[in-house]
$ cat target09.txt   # compact mmCIF, C-alpha atoms and all ligand atoms
# COMPACT_ATOMS: atom_id res chain seq x y z
CA MET D 1 10.09 -20.20 30.33
CA LYS D 2 6.61 -21.27 29.24
CA TYR D 3 4.82 -18.54 27.33
CA THR D 4 1.81 -18.24 25.06
CA LEU D 5 1.91 -15.90 22.09
CA PRO D 6 -0.60 -15.57 19.23
CA VAL D 7 1.82 -16.67 16.51
CA ASP D 8 0.55 -16.99 12.94
CA PRO D 9 -0.23 -20.76 12.70
CA ARG D 10 1.57 -21.04 9.37
CA MET D 11 4.80 -19.98 11.11
CA THR D 12 4.27 -22.58 13.78
CA GLU D 13 4.00 -25.15 10.98
CA VAL D 14 7.25 -23.96 9.41
CA VAL D 15 9.05 -24.21 12.76
CA ASP D 16 7.49 -27.61 13.38
CA GLU D 17 8.72 -28.96 10.03
CA LEU D 18 12.28 -27.88 10.68
CA GLN D 19 12.21 -29.24 14.22
CA SER D 20 10.78 -32.54 13.00
CA ALA D 21 13.69 -32.77 10.56
CA GLY D 22 15.99 -32.56 13.59
CA PHE D 23 16.93 -28.86 13.57
CA GLU D 24 16.57 -26.62 16.60
CA THR D 25 14.38 -23.73 15.38
CA TYR D 26 12.80 -20.57 16.79
CA ILE D 27 10.94 -17.46 15.81
CA VAL D 28 13.09 -14.46 16.64
CA GLY D 29 13.45 -10.71 16.24
CA GLY D 30 10.82 -8.12 15.51
CA ALA D 31 7.88 -10.52 15.40
CA ILE D 32 8.38 -11.66 19.00
CA ARG D 33 8.97 -8.08 20.12
CA ASP D 34 5.74 -6.99 18.42
CA LEU D 35 3.66 -9.89 19.73
CA LEU D 36 4.82 -9.17 23.27
CA MET D 37 3.66 -5.59 22.77
CA ASP D 38 0.25 -6.71 21.46
CA ARG D 39 1.08 -5.56 17.97
CA ARG D 40 0.62 -7.48 14.77
CA PRO D 41 4.03 -8.47 13.39
CA LYS D 42 4.84 -7.10 9.96
CA ASP D 43 6.75 -10.26 9.12
CA TYR D 44 8.44 -13.19 10.80
CA ASP D 45 12.13 -14.05 11.07
CA ILE D 46 13.06 -17.64 11.76
CA SER D 47 16.35 -18.74 13.22
CA THR D 48 17.50 -22.33 12.95
CA ALA D 49 20.39 -24.75 13.29
CA ALA D 50 19.78 -25.86 9.69
CA THR D 51 22.06 -24.43 7.01
CA PRO D 52 20.36 -22.76 4.02
CA GLU D 53 20.88 -25.96 1.98
CA GLN D 54 19.31 -28.06 4.72
CA VAL D 55 16.35 -25.67 4.82
CA ARG D 56 16.00 -26.16 1.08
CA ASN D 57 16.07 -29.92 1.51
CA VAL D 58 13.29 -29.74 4.11
CA PHE D 59 10.88 -27.54 2.10
CA GLY D 60 11.96 -28.41 -1.41
CA ARG D 61 13.66 -26.54 -4.19
CA ARG D 62 10.47 -25.03 -5.48
CA SER D 63 9.71 -23.03 -2.36
CA VAL D 64 13.16 -22.13 -1.04
CA ARG D 65 15.64 -19.75 -2.59
CA ILE D 66 19.05 -19.19 -1.11
CA ILE D 67 20.06 -15.55 -1.23
CA GLY D 68 23.00 -13.39 -0.25
CA ARG D 69 26.67 -13.89 -0.87
CA ARG D 70 28.34 -12.76 2.32
CA PHE D 71 25.37 -13.44 4.55
CA ARG D 72 23.52 -16.43 3.15
CA LEU D 73 19.85 -16.88 4.01
CA ALA D 74 17.02 -19.14 2.93
CA HIS D 75 13.88 -17.45 1.68
CA LEU D 76 10.84 -19.65 2.05
CA HIS D 77 8.01 -18.67 -0.29
CA LEU D 78 4.61 -19.24 1.27
CA GLY D 79 2.05 -18.01 -1.24
CA LYS D 80 2.83 -14.33 -1.67
CA GLU D 81 4.78 -14.12 1.54
CA ILE D 82 8.51 -14.61 1.98
CA ILE D 83 9.83 -15.89 5.30
CA GLU D 84 13.45 -15.22 6.10
CA ILE D 85 15.15 -18.25 7.62
CA SER D 86 18.66 -17.66 8.91
CA THR D 87 21.13 -20.11 10.36
CA PHE D 88 22.48 -19.56 13.89
CA ARG D 89 25.68 -17.56 13.62
CA ARG D 90 28.43 -16.49 15.92
CA ALA D 91 30.29 -13.22 15.97
CA PRO D 92 33.27 -13.47 13.62
CA GLU D 93 36.60 -13.87 15.34
CA GLY D 94 39.11 -11.20 14.41
CA HIS D 95 37.17 -8.52 12.67
CA GLY D 96 37.58 -7.38 9.16
CA ARG D 97 38.70 -9.04 6.01
CA GLU D 98 41.62 -8.59 3.71
CA THR D 99 41.43 -4.94 2.87
CA ASP D 100 42.42 -3.24 -0.32
CA GLU D 101 45.56 -1.23 -0.09
CA GLY D 102 45.03 1.97 1.85
CA GLU D 103 41.58 0.95 2.98
CA SER D 104 42.59 -0.43 6.36
CA GLU D 105 43.70 2.98 7.54
CA THR D 106 40.35 4.60 7.06
CA LEU D 107 38.00 1.84 8.22
CA PRO D 108 37.24 1.59 11.94
CA GLU D 109 39.30 -1.16 13.51
CA ASN D 110 36.37 -3.29 14.63
CA ILE D 111 34.06 -3.01 11.66
CA ILE D 112 32.58 -6.35 10.61
CA LEU D 113 32.99 -7.10 6.95
CA SER D 114 32.24 -10.78 6.88
CA ASP D 115 29.63 -12.44 9.02
CA ASN D 116 29.07 -15.97 7.97
CA ASP D 117 30.30 -18.29 10.71
CA TYR D 118 27.63 -20.68 11.90
CA GLY D 119 27.19 -21.18 15.64
CA THR D 120 24.88 -22.22 18.45
CA VAL D 121 21.69 -20.51 19.47
CA GLU D 122 23.45 -18.85 22.45
CA GLU D 123 26.13 -17.47 20.15
CA ASP D 124 23.44 -16.32 17.78
CA ALA D 125 21.71 -14.42 20.58
CA ARG D 126 24.92 -12.63 21.51
CA ARG D 127 25.48 -11.22 18.05
CA ARG D 128 22.00 -9.71 17.78
CA ASP D 129 21.83 -5.95 18.10
CA PHE D 130 19.52 -5.06 20.99
CA THR D 131 18.00 -6.96 23.91
CA VAL D 132 14.48 -6.24 22.64
CA ASN D 133 15.38 -8.00 19.36
CA ALA D 134 16.97 -11.05 20.97
CA LEU D 135 14.11 -13.19 22.26
CA TYR D 136 13.71 -16.69 20.84
CA PHE D 137 10.30 -18.30 20.83
CA ASP D 138 9.51 -21.93 20.13
CA PRO D 139 5.81 -21.90 19.16
CA VAL D 140 5.56 -25.71 19.20
CA GLN D 141 6.66 -26.14 22.82
CA GLU D 142 5.51 -22.60 23.69
CA GLU D 143 8.88 -21.82 25.18
CA LEU D 144 10.39 -18.32 25.36
CA LEU D 145 14.18 -17.99 25.69
CA ASP D 146 15.76 -14.81 27.03
CA PHE D 147 19.53 -15.35 26.85
CA SER D 148 20.37 -11.78 27.82
CA GLY D 149 18.11 -12.07 30.87
CA GLN D 150 16.98 -8.51 30.16
CA SER D 151 15.00 -8.73 26.96
CA LEU D 152 11.59 -9.18 28.47
CA ASP D 153 12.08 -6.40 31.02
CA ASP D 154 13.42 -4.05 28.37
CA ILE D 155 10.38 -4.66 26.17
CA ARG D 156 8.08 -4.06 29.12
CA HIS D 157 9.83 -0.83 30.07
CA GLY D 158 10.53 0.28 26.51
CA VAL D 159 14.32 0.40 26.65
CA VAL D 160 16.73 0.10 23.72
CA ARG D 161 19.86 -1.54 25.11
CA ALA D 162 22.74 -2.81 23.00
CA ILE D 163 23.87 -6.35 23.66
CA GLY D 164 27.47 -6.21 24.91
CA ASP D 165 29.61 -3.06 24.73
CA PRO D 166 27.49 -0.50 22.84
CA ARG D 167 30.41 1.50 21.47
CA LEU D 168 31.95 -1.67 20.02
CA ARG D 169 28.62 -2.87 18.65
CA PHE D 170 28.08 0.44 16.80
CA GLU D 171 31.63 0.38 15.50
CA GLU D 172 31.27 -3.22 14.30
CA ASP D 173 28.20 -2.26 12.34
CA PRO D 174 27.15 1.40 12.21
CA VAL D 175 23.77 0.46 10.70
CA ARG D 176 22.82 -0.52 14.25
CA MET D 177 22.58 3.18 15.16
CA LEU D 178 19.86 3.61 12.60
CA ARG D 179 18.13 0.49 13.89
CA ALA D 180 18.26 1.78 17.48
CA LEU D 181 16.65 5.05 16.44
CA LYS D 182 13.94 3.27 14.49
CA LEU D 183 12.99 1.50 17.73
CA VAL D 184 12.94 4.84 19.56
CA GLY D 185 10.78 6.50 16.90
CA GLN D 186 8.41 3.66 16.19
CA TYR D 187 7.67 2.50 19.73
CA ASP D 188 8.52 5.60 21.70
CA PHE D 189 11.23 3.59 23.46
CA SER D 190 13.94 5.40 25.35
CA MET D 191 17.59 4.54 25.12
CA ASP D 192 19.60 3.07 27.95
CA ALA D 193 22.24 5.64 29.04
CA ASP D 194 25.31 3.67 27.91
CA THR D 195 23.76 2.88 24.56
CA GLU D 196 22.75 6.51 24.11
CA ASN D 197 26.20 7.87 24.96
CA ALA D 198 27.84 5.38 22.63
CA LEU D 199 25.46 6.39 19.87
CA PHE D 200 26.22 10.09 20.31
CA SER D 201 29.93 9.45 20.08
CA SER D 202 29.60 7.13 17.06
CA LEU D 203 27.30 9.13 14.76
CA GLU D 204 29.90 9.98 12.19
CA LEU D 205 30.82 6.30 11.74
CA ILE D 206 27.69 5.96 9.65
CA ARG D 207 29.75 6.89 6.59
CA PHE D 208 31.54 3.53 6.93
CA ALA D 209 28.31 1.54 6.83
CA SER D 210 27.66 -0.59 3.81
CA PRO D 211 25.73 1.59 1.31
CA SER D 212 23.52 -1.29 0.22
CA ARG D 213 22.48 -2.08 3.82
CA LEU D 214 21.80 1.59 4.50
CA SER D 215 19.67 1.99 1.45
CA LEU D 216 17.81 -1.20 2.38
CA GLU D 217 17.06 0.27 5.83
CA LEU D 218 16.03 3.53 4.19
CA GLU D 219 13.60 1.64 1.99
CA LYS D 220 12.16 0.02 5.11
CA VAL D 221 11.80 3.41 6.78
CA LEU D 222 9.89 4.75 3.79
CA SER D 223 7.70 1.72 3.24
CA SER D 224 6.72 1.36 6.91
CA ALA D 225 3.81 3.19 8.45
CA TYR D 226 6.24 4.95 10.84
CA GLY D 227 8.57 6.82 8.49
CA ASP D 228 7.66 10.20 9.98
CA LYS D 229 8.42 8.94 13.49
CA HIS D 230 11.71 7.40 12.36
CA LEU D 231 12.79 10.67 10.73
CA LYS D 232 11.94 12.60 13.90
CA ALA D 233 14.03 10.24 16.01
CA PHE D 234 16.90 10.53 13.49
CA HIS D 235 16.66 14.30 13.85
CA ASP D 236 16.34 14.36 17.65
CA TYR D 237 19.52 12.34 18.08
CA GLY D 238 21.54 14.28 15.53
CA PHE D 239 21.73 11.29 13.19
CA LEU D 240 19.89 12.96 10.30
CA GLU D 241 22.79 15.31 9.72
CA TYR D 242 24.96 12.34 8.73
CA PHE D 243 22.27 10.21 7.15
CA LEU D 244 20.09 12.59 5.11
CA PRO D 245 21.82 16.00 5.33
CA PHE D 246 19.38 17.64 2.90
CA LEU D 247 16.48 17.04 5.27
CA HIS D 248 18.58 17.92 8.30
CA GLU D 249 19.43 21.35 6.89
CA ARG D 250 15.79 22.08 6.15
CA TRP D 251 14.29 20.53 9.27
CA GLU D 252 12.82 23.77 10.62
CA SER D 253 11.51 24.94 7.23
CA GLU D 254 7.89 25.25 6.25
CA ALA D 255 8.47 22.76 3.43
CA MET D 256 9.82 20.14 5.85
CA ARG D 257 6.89 20.63 8.20
CA TYR D 258 4.51 20.17 5.29
CA ALA D 259 6.38 17.06 4.12
CA LEU D 260 6.05 15.51 7.59
CA GLU D 261 2.37 16.42 7.73
CA LEU D 262 1.78 14.67 4.39
CA LEU D 263 3.86 11.68 5.43
CA THR D 264 1.92 11.33 8.67
CA GLU D 265 -1.37 11.24 6.77
CA ARG D 266 0.10 8.73 4.29
CA ASN D 267 1.27 6.55 7.18
CA TYR D 268 -2.12 6.69 8.81
CA ARG D 269 -3.68 5.44 5.57
CA VAL D 270 -1.14 2.62 5.28
CA ASP D 271 -1.72 1.60 8.88
CA GLU D 272 -5.49 1.58 8.37
CA GLY D 273 -5.11 -0.50 5.21
CA VAL D 274 -6.66 2.29 3.11
CA TYR D 275 -3.78 2.40 0.67
CA ARG D 276 -0.71 0.36 -0.22
CA ASN D 277 2.64 0.96 1.44
CA SER D 278 4.46 2.13 -1.64
CA ILE D 279 8.04 3.38 -1.22
CA SER D 280 7.78 5.54 -4.33
CA LEU D 281 4.65 7.20 -3.02
CA ALA D 282 6.37 8.02 0.29
CA THR D 283 9.38 9.29 -1.64
CA ALA D 284 7.21 11.52 -3.81
CA ILE D 285 5.49 12.93 -0.75
CA LEU D 286 8.75 13.70 0.98
CA ALA D 287 10.04 15.53 -2.10
CA LEU D 288 6.86 17.36 -3.06
CA PRO D 289 7.09 20.46 -0.82
CA PHE D 290 10.74 20.96 -1.79
CA VAL D 291 9.87 20.75 -5.48
CA GLU D 292 7.15 23.32 -4.90
CA GLU D 293 9.63 25.52 -3.12
CA SER D 294 12.26 25.25 -5.79
CA CYS D 295 9.67 26.16 -8.43
CA GLY D 296 8.91 29.33 -6.50
CA SER D 297 5.64 28.17 -4.88
CA ARG D 298 4.79 27.89 -1.23
CA PRO D 299 4.22 24.41 0.22
CA GLY D 300 0.74 23.30 -0.75
CA ASP D 301 0.62 25.73 -3.68
CA LEU D 302 1.47 23.76 -6.74
CA TRP D 303 3.94 24.87 -9.30
CA ASP D 304 3.11 25.91 -12.80
CA PRO D 305 3.59 22.72 -14.82
CA SER D 306 4.58 24.70 -17.89
CA ARG D 307 7.74 25.84 -16.12
CA ASP D 308 10.77 23.65 -16.09
CA SER D 309 9.55 21.54 -13.21
CA LEU D 310 10.96 18.25 -14.43
CA ALA D 311 14.53 19.35 -13.79
CA ALA D 312 13.49 20.56 -10.34
CA ILE D 313 11.84 17.21 -9.57
CA ARG D 314 14.97 15.31 -10.53
CA ASP D 315 17.29 17.64 -8.67
CA ILE D 316 15.29 17.46 -5.46
CA LEU D 317 14.94 13.68 -5.57
CA ASP D 318 18.69 13.30 -6.04
CA ALA D 319 19.49 15.82 -3.32
CA ILE D 320 17.24 14.27 -0.67
CA PHE D 321 18.92 10.90 -0.80
CA ARG D 322 22.51 12.05 -1.04
CA PRO D 323 24.91 10.61 0.02
CA GLN D 324 23.45 7.06 0.10
CA GLY D 325 21.12 7.23 -2.86
CA MET D 326 17.91 5.35 -3.47
CA ILE D 327 17.15 2.55 -5.91
CA ARG D 328 16.59 3.81 -9.41
CA SER D 329 13.17 2.25 -9.94
CA VAL D 330 11.84 4.10 -6.88
CA MET D 331 13.32 7.39 -8.09
CA MET D 332 11.81 6.91 -11.55
CA SER D 333 8.44 6.07 -10.16
CA ALA D 334 8.49 9.01 -7.69
CA GLU D 335 9.42 11.28 -10.56
CA HIS D 336 6.35 10.20 -12.51
CA ILE D 337 4.07 10.63 -9.52
CA LEU D 338 5.39 14.16 -9.03
CA ARG D 339 5.07 15.08 -12.70
CA LEU D 340 1.36 14.34 -12.57
CA GLN D 341 0.67 16.42 -9.45
CA ALA D 342 0.46 19.93 -10.89
CA PRO D 343 -1.81 19.14 -13.87
CA MET D 344 -4.00 16.92 -11.69
CA ALA D 345 -4.38 19.61 -9.03
CA ARG D 346 -5.48 21.98 -11.78
CA MET D 347 -7.93 19.39 -13.13
CA GLU D 348 -6.33 19.63 -16.56
CA ASP D 349 -7.24 16.37 -18.21
CA ASP D 350 -5.91 16.22 -21.73
CA GLY D 351 -6.77 12.52 -21.86
CA SER D 352 -3.24 11.35 -21.23
CA ILE D 353 -3.20 11.38 -17.47
CA VAL D 354 -5.64 8.69 -16.34
CA GLY D 355 -3.85 5.39 -16.65
CA ALA D 356 -0.47 7.05 -17.18
CA TYR D 357 2.49 5.43 -15.46
CA GLY D 358 2.22 6.29 -11.76
CA TYR D 359 -1.38 7.49 -12.03
CA SER D 360 -2.93 5.64 -9.09
CA HIS D 361 -0.12 6.68 -6.72
CA ALA D 362 -0.37 10.24 -8.05
CA ARG D 363 -4.09 10.21 -7.36
CA GLU D 364 -3.40 9.08 -3.80
CA VAL D 365 -0.80 11.81 -3.27
CA LEU D 366 -3.33 14.32 -4.57
CA SER D 367 -5.94 12.98 -2.20
CA ILE D 368 -3.51 13.27 0.73
CA GLN D 369 -2.70 16.87 -0.20
CA ASN D 370 -6.38 17.59 -0.63
CA PHE D 371 -7.12 16.17 2.81
CA VAL D 372 -4.27 17.99 4.54
CA ARG D 373 -4.46 21.32 2.76
CA TRP D 374 -7.06 22.11 0.14
CA GLN D 375 -10.24 20.29 1.15
CA ASN D 376 -11.76 20.60 -2.30
CA PRO D 377 -14.50 17.95 -2.70
CA GLU D 378 -14.55 18.22 -6.49
CA LEU D 379 -10.91 17.42 -6.88
CA GLN D 380 -11.01 13.81 -5.83
CA ASP D 381 -14.14 13.04 -7.83
CA PHE D 382 -12.64 14.57 -10.94
CA TRP D 383 -10.00 11.84 -11.10
CA PRO D 384 -11.43 8.34 -11.44
CA ALA D 385 -9.91 5.39 -9.68
CA GLU D 386 -7.98 3.65 -12.41
CA HIS D 387 -10.33 0.72 -12.74
CA ASP D 388 -13.29 3.07 -13.46
CA ARG D 389 -11.94 3.67 -16.91
CA PRO D 390 -11.54 1.12 -19.68
CA ARG D 391 -7.85 0.40 -19.78
CA ARG D 392 -6.16 1.75 -22.81
CA GLY D 393 -2.95 -0.07 -22.28
CA ARG D 394 -0.66 1.20 -19.62
CA LYS D 395 1.68 3.89 -20.77
CA ARG D 396 5.33 3.06 -20.45
CA PRO D 397 7.48 5.59 -18.72
CA PRO D 398 9.45 7.70 -21.17
CA ARG D 399 13.12 6.84 -21.16
CA ARG D 400 15.29 8.92 -18.99
CA ARG D 401 18.12 10.54 -20.83
P1 LIG Z 501 11.22 -5.23 11.70
O1 LIG Z 501 9.94 -5.21 12.46
O2 LIG Z 501 11.57 -3.91 11.08
O3 LIG Z 501 11.38 -6.39 10.77
P2 LIG Z 501 13.35 -6.57 13.08
O4 LIG Z 501 13.98 -6.31 14.42
O5 LIG Z 501 12.70 -7.89 12.88
O6 LIG Z 501 12.33 -5.38 12.85
P3 LIG Z 501 15.00 -7.27 10.82
O7 LIG Z 501 15.77 -6.37 9.93
O8 LIG Z 501 13.91 -8.09 10.27
O9 LIG Z 501 14.45 -6.32 11.98
O10 LIG Z 501 16.06 -8.18 11.57
C1 LIG Z 501 15.69 -9.36 12.27
C2 LIG Z 501 16.57 -9.55 13.48
O11 LIG Z 501 17.92 -9.74 13.09
C3 LIG Z 501 16.59 -8.38 14.45
O12 LIG Z 501 15.50 -8.41 15.34
C4 LIG Z 501 17.92 -8.58 15.15
O13 LIG Z 501 17.85 -9.57 16.14
C5 LIG Z 501 18.80 -9.13 14.04
N1 LIG Z 501 19.54 -8.05 13.36
C6 LIG Z 501 19.17 -7.35 12.27
N2 LIG Z 501 20.08 -6.45 11.91
C7 LIG Z 501 21.12 -6.60 12.79
C8 LIG Z 501 22.41 -5.98 12.94
N3 LIG Z 501 22.78 -5.00 12.13
N4 LIG Z 501 23.19 -6.42 13.95
C9 LIG Z 501 22.79 -7.40 14.79
N5 LIG Z 501 21.61 -8.03 14.69
C10 LIG Z 501 20.77 -7.63 13.72
MG MG Z 502 11.89 -8.55 10.96
$ encode --input "target09.txt" --output "structure tokens"
Amino acid sequence: MKYTLPVDPRMTEVVDELQSAGFETYIVGGAIRDLLMDRRPKDYDISTAATPEQVRNVFGRRSVRIIGRRFRLAHLHLGKEIIEISTFRRAPEGHGRETDEGESETLPENIILSDNDYGTVEEDARRRDFTVNALYFDPVQEELLDFSGQSLDDIRHGVVRAIGDPRLRFEEDPVRMLRALKLVGQYDFSMDADTENALFSSLELIRFASPSRLSLELEKVLSSAYGDKHLKAFHDYGFLEYFLPFLHERWESEAMRYALELLTERNYRVDEGVYRNSISLATAILALPFVEESCGSRPGDLWDPSRDSLAAIRDILDAIFRPQGMIRSVMMSAEHILRLQAPMARMEDDGSIVGAYGYSHAREVLSIQNFVRWQNPELQDFWPAEHDRPRRGRKRPPRRR
């Protein structure tokens, strides 16, 4: 059907170039969903009949990188931005792959382990996860395609509905449960009854999900401006117990409430463009009240930095992300942010803090805590924004033993 959407003109150009080279091409996924809800898309996903190599031929080797081994995609670099361009795919016939000995018994029968068969746009639409994520928009012709026939209605009414048999779709790829709950948390969508029942009976399958995909989704949760809402939806549906058991066990605690309060303020600042959407900053914030607790302080009362707080910081960071884990660079960076909190809150400047590794994030965490809890006007002014000081050469993080 004809439709007008305020698509970023650069994306329209990208689509136009691929179409002019003879390849059927659309904008798809979250961007269309967001535009239809009058929200600004975070990024754009493009879906095309062109293979990754053909995409590279159209835009040139300098701007396209082909990534992924099992699921190959073209990344088009436009200035600082990266646009994901994926080729139409169909659901793999016969699920699974050759399994290692013994593995086939434990894996769910229908789990998808290889997903690289190209297909038509209709086939591509059928393998997408939810109706609200399965609209295709051609910004050149201004044409909106709704293959499920339900996508537009579901967006209007705020319904998360799996495409096809929900139980099978969650079994094929358990990461979809997490994705459903993100939609619930972020947009306040409700879940269609069949999808919801299937989710409840599939929760424990999450342990079969690919660890790298899960940790990628976790990074997205933490970097987005909705992490607090996502975590609440994970908790409400009983998913947190399987996904982040440490947080699940402490959900009703004072420390958890404080962590969510800090995260909400951090998300507000990200949404308003006040501060960057750093994953390590969000990670540090989530861990902070539990570090305080394990050092014998109450949430919001900082620990005594002279005590053995470094071990506590490391232990808590590890515990929060078990069993999936979090990328090492984020953990390292969160650790440094946390190490600076106690001395900064006490305004103890021995000359080594300003400009230290993690300083500007640490200053932001301090400012968030100050806003939420302490309201001490001197505190923020005491610590200069990094650029106020002549740079003395950035300190490298000490090596972790
Ligand atoms: P966001 O705003 O977080 O980017 P999104 O829906 O665009 O949301 P992406 O991870 O960018 O999420 O995925 C793009 C699209 O790819 C989705 O909208 C969906 O159609 C499809 N997709 C992603 N993950 C899956 C999956 N596990 N199974 C089926 N389809 C998926
Ligand atoms: Mg997207």
$ residues_near_ligand --input "target09.txt" --ligand "ligand LIG 501 (chain Z)" --cutoff "7 Å" --atoms "only C-alpha atoms and all ligand atoms" --output "PyMOL selection string"
chain D and resi 28-31+41-43+45+127-130+133-134+173+175-176
$ residues_around --input "target09.txt" --residues "Ile206 of chain D" --least-positions-apart "5" --cutoff "12 Å" --atoms "only C-alpha atoms" --output "list of chain:residue names"
D:Leu107, D:Pro108, D:Ile111, D:Phe170, D:Glu171, D:Glu172, D:Asp173, D:Pro174, D:Val175, D:Arg176, D:Met177, D:Leu178, D:Arg179, D:Leu199, D:Phe200, D:Ser201, D:Pro211, D:Arg213, D:Leu214, D:Gly238, D:Phe239, D:Leu240, D:Glu241, D:Tyr242, D:Phe243, D:Leu244, D:Pro323, D:Gln324
$ closest_residue --input "target09.txt" --among "D:Ser212, D:Asn277, D:Gln375, D:Ser253" --to "Ser224 of chain D" --atoms "all atoms listed in the file"
D:Asn277
$ closest_residue --input "target09.txt" --among "D:Glu53, D:Glu217, D:Asp165, D:Glu378" --to "ligand MG 502 (chain Z)" --atoms "only C-alpha atoms and all ligand atoms"
D:Glu217
$ residues_around --input "target09.txt" --residues "segment 279-285 of chain D" --least-positions-apart "6" --cutoff "8 Å" --atoms "all atoms listed in the file" --output "ChimeraX atom specification"
/D:219,222-223,259,262-263,266,330-331,333-335,337-338,361-362,365
$ closest_residue --input "target09.txt" --among "D:Val270, D:Met256, D:Ile27, D:Met11" --to "ligand MG 502 (chain Z)" --atoms "only C-alpha atoms and all ligand atoms"
D:Ile27
$ decode --input "target09.txt" --residues "segment 51-56 of chain D" --atoms "all heavy atoms" --output "PDB file, in the first residue's frame"
ATOM      1  N   THR D  51      23.279 -10.167  -2.957  1.00  0.00           N
ATOM      2  CA  THR D  51      24.136 -10.884  -2.010  1.00  0.00           C
ATOM      3  C   THR D  51      25.146  -9.891  -1.438  1.00  0.00           C
ATOM      4  O   THR D  51      25.347  -8.812  -2.013  1.00  0.00           O
ATOM      5  CB  THR D  51      24.918 -12.010  -2.720  1.00  0.00           C
ATOM      6  OG1 THR D  51      25.775 -11.394  -3.693  1.00  0.00           O
ATOM      7  CG2 THR D  51      23.990 -12.997  -3.400  1.00  0.00           C
ATOM      8  N   PRO D  52      25.794 -10.233  -0.327  1.00  0.00           N
ATOM      9  CA  PRO D  52      26.786  -9.303   0.240  1.00  0.00           C
ATOM     10  C   PRO D  52      27.845  -8.860  -0.792  1.00  0.00           C
ATOM     11  O   PRO D  52      28.233  -7.690  -0.839  1.00  0.00           O
ATOM     12  CB  PRO D  52      27.404 -10.105   1.384  1.00  0.00           C
ATOM     13  CG  PRO D  52      26.306 -11.035   1.813  1.00  0.00           C
ATOM     14  CD  PRO D  52      25.566 -11.391   0.560  1.00  0.00           C
ATOM     15  N   GLU D  53      28.270  -9.790  -1.638  1.00  0.00           N
ATOM     16  CA  GLU D  53      29.281  -9.427  -2.659  1.00  0.00           C
ATOM     17  C   GLU D  53      28.702  -8.431  -3.660  1.00  0.00           C
ATOM     18  O   GLU D  53      29.388  -7.506  -4.101  1.00  0.00           O
ATOM     19  CB  GLU D  53      29.773 -10.675  -3.422  1.00  0.00           C
ATOM     20  CG  GLU D  53      30.659 -11.614  -2.628  1.00  0.00           C
ATOM     21  CD  GLU D  53      29.886 -12.409  -1.580  1.00  0.00           C
ATOM     22  OE1 GLU D  53      28.641 -12.507  -1.697  1.00  0.00           O
ATOM     23  OE2 GLU D  53      30.530 -12.899  -0.645  1.00  0.00           O
ATOM     24  N   GLN D  54      27.443  -8.647  -4.026  1.00  0.00           N
ATOM     25  CA  GLN D  54      26.809  -7.707  -4.968  1.00  0.00           C
ATOM     26  C   GLN D  54      26.639  -6.333  -4.321  1.00  0.00           C
ATOM     27  O   GLN D  54      26.812  -5.311  -4.981  1.00  0.00           O
ATOM     28  CB  GLN D  54      25.461  -8.282  -5.440  1.00  0.00           C
ATOM     29  CG  GLN D  54      25.652  -9.450  -6.401  1.00  0.00           C
ATOM     30  CD  GLN D  54      24.360 -10.225  -6.661  1.00  0.00           C
ATOM     31  OE1 GLN D  54      23.517 -10.367  -5.769  1.00  0.00           O
ATOM     32  NE2 GLN D  54      24.218 -10.756  -7.861  1.00  0.00           N
ATOM     33  N   VAL D  55      26.341  -6.308  -3.031  1.00  0.00           N
ATOM     34  CA  VAL D  55      26.248  -5.022  -2.330  1.00  0.00           C
ATOM     35  C   VAL D  55      27.609  -4.328  -2.390  1.00  0.00           C
ATOM     36  O   VAL D  55      27.723  -3.127  -2.642  1.00  0.00           O
ATOM     37  CB  VAL D  55      25.815  -5.217  -0.851  1.00  0.00           C
ATOM     38  CG1 VAL D  55      25.900  -3.920  -0.072  1.00  0.00           C
ATOM     39  CG2 VAL D  55      24.396  -5.780  -0.785  1.00  0.00           C
ATOM     40  N   ARG D  56      28.659  -5.106  -2.193  1.00  0.00           N
ATOM     41  CA  ARG D  56      30.008  -4.532  -2.230  1.00  0.00           C
ATOM     42  C   ARG D  56      30.331  -3.993  -3.621  1.00  0.00           C
ATOM     43  O   ARG D  56      30.943  -2.947  -3.764  1.00  0.00           O
ATOM     44  CB  ARG D  56      31.038  -5.565  -1.798  1.00  0.00           C
ATOM     45  CG  ARG D  56      32.398  -4.950  -1.556  1.00  0.00           C
ATOM     46  CD  ARG D  56      33.311  -5.874  -0.822  1.00  0.00           C
ATOM     47  NE  ARG D  56      33.459  -7.135  -1.534  1.00  0.00           N
ATOM     48  CZ  ARG D  56      34.091  -8.188  -1.033  1.00  0.00           C
ATOM     49  NH1 ARG D  56      34.624  -8.128   0.177  1.00  0.00           N
ATOM     50  NH2 ARG D  56      34.183  -9.285  -1.721  1.00  0.00           N
TER      51      ARG D  56
END
